[in-house]
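All remarks here apply to the structure that follows.
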Amino acid sequence: MNPTCRQWIALADRTALGEPVELDDKDWFERHATHCSRCGNEMEFYQALGGVLNSPDRLDTRIDTSTDRRSTGKLTSPRGIWMVAAAAMALGSAIALGHNFANRTGLPPPAPSEPVVRFASVDGNVQLGNRDVHAGDPWNSADSLRVARGQACLSLDKSVRCCLDGDSEASLVSLSPSLFSIHLKRGRIVSRLQKQPATRRFAIQAATTTVTAKGTAFVVSVDTEQRVSVHLYEGALEIRSADGPVQQLTAPAAAVIEQSLTRLPLSERLRAADAHLLEGSLGTTNHSRASETTAIALDAEPTVRKATSTPTTELGATKWSSASPSSKSAEGKAGVVSGSARALLAEAQSLRANGRLRRSAATFRQLVKQFPSSSEARVSLVSLGELDLTALGQPQLALRSFDSYLEQPGALAREARFGRIRALRALSRQAEADAAVADFLRLYPNSVQSERLRARGATK
Amino acid sequence: MGPGSPNAALELVSLAAAGDPMAQRRLIDRLQRRVHGISLAILGNASDAEDTTQTGLLEILKSAGTFRGENLLAWADRIAVRTAIRQARQRRIRAMQYEGRADLDDVAGRVEESSFEDAIPHTLVEYLALLPEARRVVVVLRHVMEYSIEEIAELTEVSPNTVKDRLLNARAQLRRLIRRDLSLADAGRQKR
């Protein structure tokens, strides 16, 4: 085996171990894999392995490693592409972290004209890997960017601005003169692009979907089930899902991508949910406080008012001025969205899936209040109780929801009774909790929860 | 409410936990292929995987009462992985030992510059089956399930350093196997 292959393998192994690395030598890594059959085959093997979970049949098929496919860069799956990119990212960071592979191995030095992405603004709890991020910091590592709460906005040479919402996680897939690509692992990201150089593409990868844009404003989100939603406000997008054809989306439009792409209207409800993110992407003032201002007008017009006027520079990024602020906040707007019980339930579920638990609970509450006799409201009582009890620390409210559900118990009665026990315990109402436990054991003697309750009783 | 929404998943699993046969059937239909894939990858052979798939699905139904509306697939994956690891340990599947038979890298090195093959000669599961159980489990958890080293350490009840050792050894073994097979295929073609 020649020394270059040995070096390639060493770096591939580092990636497999999850060691932190950066971008610098990705071109070399990719080039080597495309012209070295042995390393290329190894990469194909792990790409195929990575696709097994979604396509178990792959376990029993031979791995196609034909030259044409690899040399044209068409890998087995978007996930495969991501893995290549991740491996590529892995390479350079070893160098940046002082390992200096290039000097030791004779690999080519990093290209001098690499574009730089910087954090234009950071508000809340934002970390890159294990370190806190500040405005002005560059984003040039493969470490995951986590926005636990608040918002983090990035900019690339005054023409691209992206903001990640709270409870989101993303990583940099590619940052080269020809491609700026971000992998959204969870949560939501809004992107605004001015006209891009003809040679550069901008893409967001989420689950098995790649959204590619030129001159546009759009929001991409991925929920806990890895379903991808796209809300397009300006311009056009190209959407490539797992095995489906490439599809075009023109503003205003929305789509949900699961096995296939489903087109949806860009409703006022979706606009309201995106408002604070869109505001952040304008880069106006302190866009972390979505509840205070709304820069995007959410009127009944089919498109959002265009958010471009005279740009000024803010930390190397374009500062976008916006349409006149609405007097109502995004939070407020979202809170008074009217519609059917079904729509409200879907909204509450979507908010919960995206980790927006308080707003989810508020929407569940609105549903219960607005449509008290609907079946959606019945179901919501148990969901609301769980949210209040486990996520929001409000056992009193949780108990009220469980009790309401149990006035006319349905299919979720056992869950409601179990929740009620936990709520009573959280409120230190021990005698009532004990009585509820006795009832539960009598009604569901063989359930999993009963085992837990008995185990807890035995350890008292 | 779409079938993939978190609330739909919670309701489905809740009904399955309550013993609703329709819900149990739907849940199994939804997860069966995935659980089978995990079992096959970890156990390395089809007949063991069939049994383990059944056991894994039963475990999922038994645990349904603990589901709280998190990501259904991630929750089920974890149960399937734990079941498969337990089964693999119990049956002490003995992998064929290909290690150390020859310096395969030397063989491979002679044909380093040869053209690409149309396909790696064996299937993924055939290569996985050649790994000793402990290594195979780590490869599957890392490269199929994409768990972190720490998560794998927790699932397999060994230290993170042991996980790293196993992963590197497994990758080296797979590398030797693939290179050897491709070299043999090259040599066969040259003879013809």
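Following the order of the structure tokens, first chain is A, next is B, and so on, with residues numbered from 1 inside each chain and ligands from 1 in the order they appear.
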Among segment 3-107 of chain B, which residues carry a DSSP assignment of helix (DSSP H, G or I), reported as a ChimeraX atom specification?
/B:6-17,21-43,46-62,64-66,72-91,104-107
Which residues, written as an NGL selection string, have at least one atom at most 8 Å from Val147 of chain A, with only C-alpha atoms counted and residues fewer than 3 positions away on the same chain left out?
:A and (124-127 or 150-152 or 164-169)
Output C-alpha atoms of each residue in that selection to a file, as a PDB file, in the first residue's frame.
```pdb
ATOM      1  CA  GLY A 124     -28.871  32.731  23.673  1.00  0.00           C
ATOM      2  CA  ASN A 125     -27.135  29.452  24.308  1.00  0.00           C
ATOM      3  CA  VAL A 126     -25.079  28.674  21.198  1.00  0.00           C
ATOM      4  CA  GLN A 127     -22.171  26.248  21.043  1.00  0.00           C
ATOM      5  CA  GLY A 150     -32.162  31.957  21.122  1.00  0.00           C
ATOM      6  CA  GLN A 151     -30.852  32.317  17.621  1.00  0.00           C
ATOM      7  CA  ALA A 152     -27.542  32.291  15.745  1.00  0.00           C
ATOM      8  CA  LEU A 164     -30.707  28.888  13.120  1.00  0.00           C
ATOM      9  CA  ASP A 165     -33.624  28.825  15.479  1.00  0.00           C
ATOM     10  CA  GLY A 166     -33.576  27.656  19.093  1.00  0.00           C
ATOM     11  CA  ASP A 167     -33.355  23.895  19.613  1.00  0.00           C
ATOM     12  CA  SER A 168     -31.596  23.411  16.296  1.00  0.00           C
ATOM     13  CA  GLU A 169     -28.406  21.656  15.335  1.00  0.00           C
TER      14      GLU A 169
END
```
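Using only C-alpha atoms, the residues found no farther than 12 Å from Tyr444 of chain A, other than those of its own chain fewer than 5 positions away, are Ala413, Arg414, Glu415, Arg417, Phe418, Ala436, Val437, Ala438, Asp439, Gln449, Ser450, Glu451, Leu453 and Arg454 of chain A; Ala17, Ala18, Gly19 and Gly65 of chain B.
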Could you jot down the atom CA of Ala76 of chain B to atom CA of Glu59 of chain B separation for me, Å, one decimal place?
9.3 Å
What does the distance from atom CA of Gly44 of chain B to atom CA of Met145 of chain B come to in Å, to one decimal?
15.4 Å
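Shortest atom-to-atom contact with Tyr233 of chain A among A:Leu351, A:Leu406, A:Leu49, A:Leu193: A:Leu193, counting only C-alpha atoms.
Near Arg200 of chain A, within 7 Å and counting only C-alpha atoms, sit Pro177, Ser178 and Leu179 of chain A, not including residues fewer than 5 positions from it in the same chain.
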Keeping only N, CA, C and O atoms, write the selected residues as a short mmCIF file (atom, residue, chain, number, x, y, z; two decimals), in the first residue's frame.
```
data_model
loop_
_atom_site.label_atom_id
_atom_site.label_comp_id
_atom_site.auth_asym_id
_atom_site.auth_seq_id
_atom_site.Cartn_x
_atom_site.Cartn_y
_atom_site.Cartn_z
N PRO A 177 -15.32 27.46 -2.88
CA PRO A 177 -15.79 28.50 -3.82
C PRO A 177 -17.00 28.03 -4.64
O PRO A 177 -17.78 28.85 -5.11
N SER A 178 -17.16 26.71 -4.79
CA SER A 178 -18.25 26.24 -5.64
C SER A 178 -19.49 25.80 -4.85
O SER A 178 -20.57 25.67 -5.43
N LEU A 179 -19.35 25.55 -3.57
CA LEU A 179 -20.50 25.04 -2.81
C LEU A 179 -20.43 25.45 -1.35
O LEU A 179 -19.44 25.20 -0.67
#
```
Just want the 12 Å neighbourhood of Ala129 of chain B, counted on only C-alpha atoms, with same-chain residues fewer than 2 positions away dropped. Output as JSON, numbers by chain.
{"A": [59, 60], "B": [40, 41, 42, 43, 44, 45, 46, 48, 49, 88, 93, 94, 95, 96, 97, 98, 122, 123, 124, 125, 126, 127, 131, 132, 133, 134, 135, 136, 137, 139, 140, 170, 173, 174, 177]}
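Nearest to chain A of all the residues B:Val163, B:Leu155, B:Val144, B:Ala23 is B:Val144, based on only C-alpha atoms.
Of the listed residues B:Tyr147, B:Leu61, B:Asn161, B:Arg142, the one whose atoms come nearest to Tyr46 of chain A is B:Arg142, with distances taken using only C-alpha atoms.
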For Glu146 of chain B: contacts at 12 Å, only C-alpha atoms, fewer than 3 positions along chain excluded, given as a VMD selection string
(chain A and resid 16 to 18 46 to 47 49 to 53 79 83) or (chain B and resid 74 77 to 78 138 to 143 149 to 152)
Export of the given selection (N, CA, C and O atoms) as a compact mmCIF listing (two decimals), in the first residue's frame:
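After the write, result.txt holds the following:
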```
# COMPACT_ATOMS: atom_id res chain seq x y z
N ALA A 16 -14.08 8.07 11.53
CA ALA A 16 -14.96 7.02 12.07
C ALA A 16 -15.00 7.09 13.59
O ALA A 16 -16.02 6.78 14.21
N LEU A 17 -13.91 7.50 14.20
CA LEU A 17 -13.87 7.60 15.66
C LEU A 17 -14.55 8.87 16.17
O LEU A 17 -14.68 9.08 17.37
N GLY A 18 -14.96 9.72 15.24
CA GLY A 18 -15.65 10.94 15.64
C GLY A 18 -14.71 11.99 16.19
O GLY A 18 -15.13 12.87 16.94
N TYR A 46 -18.64 1.82 3.17
CA TYR A 46 -19.25 2.45 4.35
C TYR A 46 -20.47 3.30 3.97
O TYR A 46 -21.40 3.45 4.76
N GLN A 47 -20.45 3.85 2.76
CA GLN A 47 -21.65 4.56 2.31
C GLN A 47 -22.83 3.60 2.21
O GLN A 47 -23.95 3.91 2.62
N LEU A 49 -23.19 0.83 3.79
CA LEU A 49 -23.56 0.43 5.15
C LEU A 49 -24.44 1.51 5.79
O LEU A 49 -25.40 1.21 6.50
N GLY A 50 -24.12 2.76 5.51
CA GLY A 50 -24.88 3.87 6.08
C GLY A 50 -26.32 3.91 5.59
O GLY A 50 -27.18 4.49 6.24
N GLY A 51 -26.59 3.31 4.44
CA GLY A 51 -27.94 3.35 3.91
C GLY A 51 -28.80 2.17 4.32
O GLY A 51 -29.97 2.08 3.93
N VAL A 52 -28.23 1.28 5.10
CA VAL A 52 -28.92 0.03 5.44
C VAL A 52 -30.18 0.25 6.25
O VAL A 52 -31.19 -0.42 6.05
N LEU A 53 -30.14 1.22 7.14
CA LEU A 53 -31.28 1.41 8.04
C LEU A 53 -32.56 1.74 7.27
O LEU A 53 -33.63 1.26 7.61
N ARG A 79 -27.45 10.63 1.86
CA ARG A 79 -26.75 10.37 3.11
C ARG A 79 -25.31 9.99 2.82
O ARG A 79 -24.39 10.38 3.51
N MET A 83 -21.96 11.64 4.07
CA MET A 83 -20.88 10.94 4.76
C MET A 83 -19.54 11.27 4.12
O MET A 83 -18.53 11.43 4.78
N ALA B 74 -36.21 6.14 16.62
CA ALA B 74 -35.04 6.10 17.50
C ALA B 74 -35.32 5.24 18.73
O ALA B 74 -34.47 4.48 19.19
N ASP B 77 -35.42 1.63 17.53
CA ASP B 77 -34.07 1.20 17.17
C ASP B 77 -33.30 0.74 18.40
O ASP B 77 -32.61 -0.27 18.39
N ARG B 78 -33.43 1.53 19.44
CA ARG B 78 -32.66 1.25 20.65
C ARG B 78 -33.07 -0.11 21.24
O ARG B 78 -32.23 -0.89 21.67
N VAL B 138 -19.95 -3.28 16.94
CA VAL B 138 -19.46 -1.90 16.98
C VAL B 138 -19.56 -1.25 15.60
O VAL B 138 -19.98 -0.09 15.47
N VAL B 139 -19.22 -1.99 14.55
CA VAL B 139 -19.31 -1.44 13.19
C VAL B 139 -20.75 -1.07 12.87
O VAL B 139 -21.03 0.01 12.33
N VAL B 140 -21.67 -1.95 13.21
CA VAL B 140 -23.08 -1.68 12.89
C VAL B 140 -23.59 -0.47 13.69
O VAL B 140 -24.24 0.42 13.14
N LEU B 141 -23.25 -0.44 14.97
CA LEU B 141 -23.75 0.68 15.78
C LEU B 141 -23.16 2.01 15.32
O LEU B 141 -23.83 3.04 15.35
N ARG B 142 -21.91 1.98 14.87
CA ARG B 142 -21.28 3.23 14.45
C ARG B 142 -21.68 3.62 13.02
O ARG B 142 -22.07 4.75 12.76
N HIS B 143 -21.58 2.69 12.09
CA HIS B 143 -21.74 3.07 10.68
C HIS B 143 -23.17 2.89 10.16
O HIS B 143 -23.53 3.54 9.19
N ILE B 149 -19.43 7.15 19.97
CA ILE B 149 -18.59 6.18 20.68
C ILE B 149 -19.12 5.97 22.10
O ILE B 149 -19.19 4.85 22.60
N GLU B 150 -19.52 7.06 22.73
CA GLU B 150 -20.01 6.97 24.11
C GLU B 150 -21.31 6.16 24.18
O GLU B 150 -21.52 5.36 25.08
N GLU B 151 -22.19 6.40 23.22
CA GLU B 151 -23.46 5.65 23.21
C GLU B 151 -23.20 4.15 23.00
O GLU B 151 -23.83 3.31 23.62
N ILE B 152 -22.23 3.87 22.13
CA ILE B 152 -21.92 2.46 21.87
C ILE B 152 -21.33 1.83 23.13
O ILE B 152 -21.65 0.69 23.48
```
Surrounding residues of Thr209 of chain A excluding itself and chain neighbours under 2 positions, 6 Å, only C-alpha atoms, as a list in words
Gln205, Ala206, Ala207, Arg240, Ser241 and Ala242 of chain A
I need the chosen residues saved as a compact mmCIF listing (two decimals), in the first residue's frame, with C-alpha atoms.
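Saved as selection.txt:
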```
# COMPACT_ATOMS: atom_id res chain seq x y z
CA GLN A 205 -29.31 19.15 3.57
CA ALA A 206 -31.93 17.79 5.96
CA ALA A 207 -32.55 14.08 6.52
CA ARG A 240 -33.92 16.60 -4.22
CA SER A 241 -35.41 13.96 -1.92
CA ALA A 242 -34.05 10.49 -1.19
```
Counting only C-alpha atoms, the residue among B:Arg179, B:Arg34, B:Arg68, B:Lys164 that lies closest to Ser14 of chain B is B:Arg68
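The space between atom CA of His35 of chain A and atom CA of Leu184 of chain B spans 20.2 Å.
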Segment 101-198 of chain A: residues DSSP assigns to strand (DSSP E or B), reported as a PyMOL selection string:
chain A and resi 117-128+131-132+138+141+145-156+160-164+168-175+179-193
Take the selection from the previous step and output its residues with C-alpha atoms, as a compact mmCIF listing (two decimals), in the first residue's frame.
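Here's the written file part-v1.txt:
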```
# COMPACT_ATOMS: atom_id res chain seq x y z
CA VAL A 117 -18.51 32.11 7.10
CA ARG A 118 -18.84 34.15 10.27
CA PHE A 119 -21.38 34.44 13.02
CA ALA A 120 -23.06 37.75 12.36
CA SER A 121 -25.02 37.65 15.58
CA VAL A 122 -25.41 35.23 18.44
CA ASP A 123 -28.06 35.36 21.09
CA GLY A 124 -28.87 32.73 23.67
CA ASN A 125 -27.13 29.45 24.31
CA VAL A 126 -25.08 28.67 21.20
CA GLN A 127 -22.17 26.25 21.04
CA LEU A 128 -19.84 24.99 18.36
CA ARG A 131 -17.22 25.93 23.11
CA ASP A 132 -19.42 28.99 23.23
CA PRO A 138 -15.64 32.05 12.01
CA SER A 141 -14.96 23.35 11.69
CA LEU A 145 -23.40 23.97 15.85
CA ARG A 146 -26.04 23.73 18.57
CA VAL A 147 -28.51 26.50 19.29
CA ALA A 148 -30.16 25.38 22.52
CA ARG A 149 -32.19 28.58 22.78
CA GLY A 150 -32.16 31.96 21.12
CA GLN A 151 -30.85 32.32 17.62
CA ALA A 152 -27.54 32.29 15.75
CA CYS A 153 -27.10 34.07 12.42
CA LEU A 154 -24.31 33.40 9.94
CA SER A 155 -23.13 35.32 6.95
CA LEU A 156 -21.00 34.57 3.94
CA VAL A 160 -25.79 34.74 2.17
CA ARG A 161 -27.32 35.03 5.58
CA CYS A 162 -28.72 32.09 7.57
CA CYS A 163 -30.27 31.99 11.02
CA LEU A 164 -30.71 28.89 13.12
CA SER A 168 -31.60 23.41 16.30
CA GLU A 169 -28.41 21.66 15.34
CA ALA A 170 -26.42 21.90 12.14
CA SER A 171 -22.98 21.28 10.72
CA LEU A 172 -20.99 22.56 7.83
CA VAL A 173 -20.91 20.12 4.92
CA SER A 174 -18.98 22.12 2.40
CA LEU A 175 -17.47 25.57 2.24
CA LEU A 179 -20.50 25.04 -2.81
CA PHE A 180 -21.69 26.33 0.55
CA SER A 181 -23.72 23.60 2.15
CA ILE A 182 -25.16 23.13 5.62
CA HIS A 183 -26.53 19.93 7.12
CA LEU A 184 -29.55 20.64 9.33
CA LYS A 185 -29.76 17.77 11.80
CA ARG A 186 -32.80 19.08 13.66
CA GLY A 187 -34.75 22.26 14.15
CA ARG A 188 -35.13 25.11 11.68
CA ILE A 189 -32.98 27.35 9.56
CA VAL A 190 -33.91 30.36 7.47
CA SER A 191 -31.71 31.39 4.55
CA ARG A 192 -31.63 34.61 2.57
CA LEU A 193 -29.54 34.91 -0.51
```
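Each of B:Asn71, B:Ser159, B:Gln54, B:Thr83 was compared to chain A using only C-alpha atoms, and B:Asn71 turns out to be the nearest.
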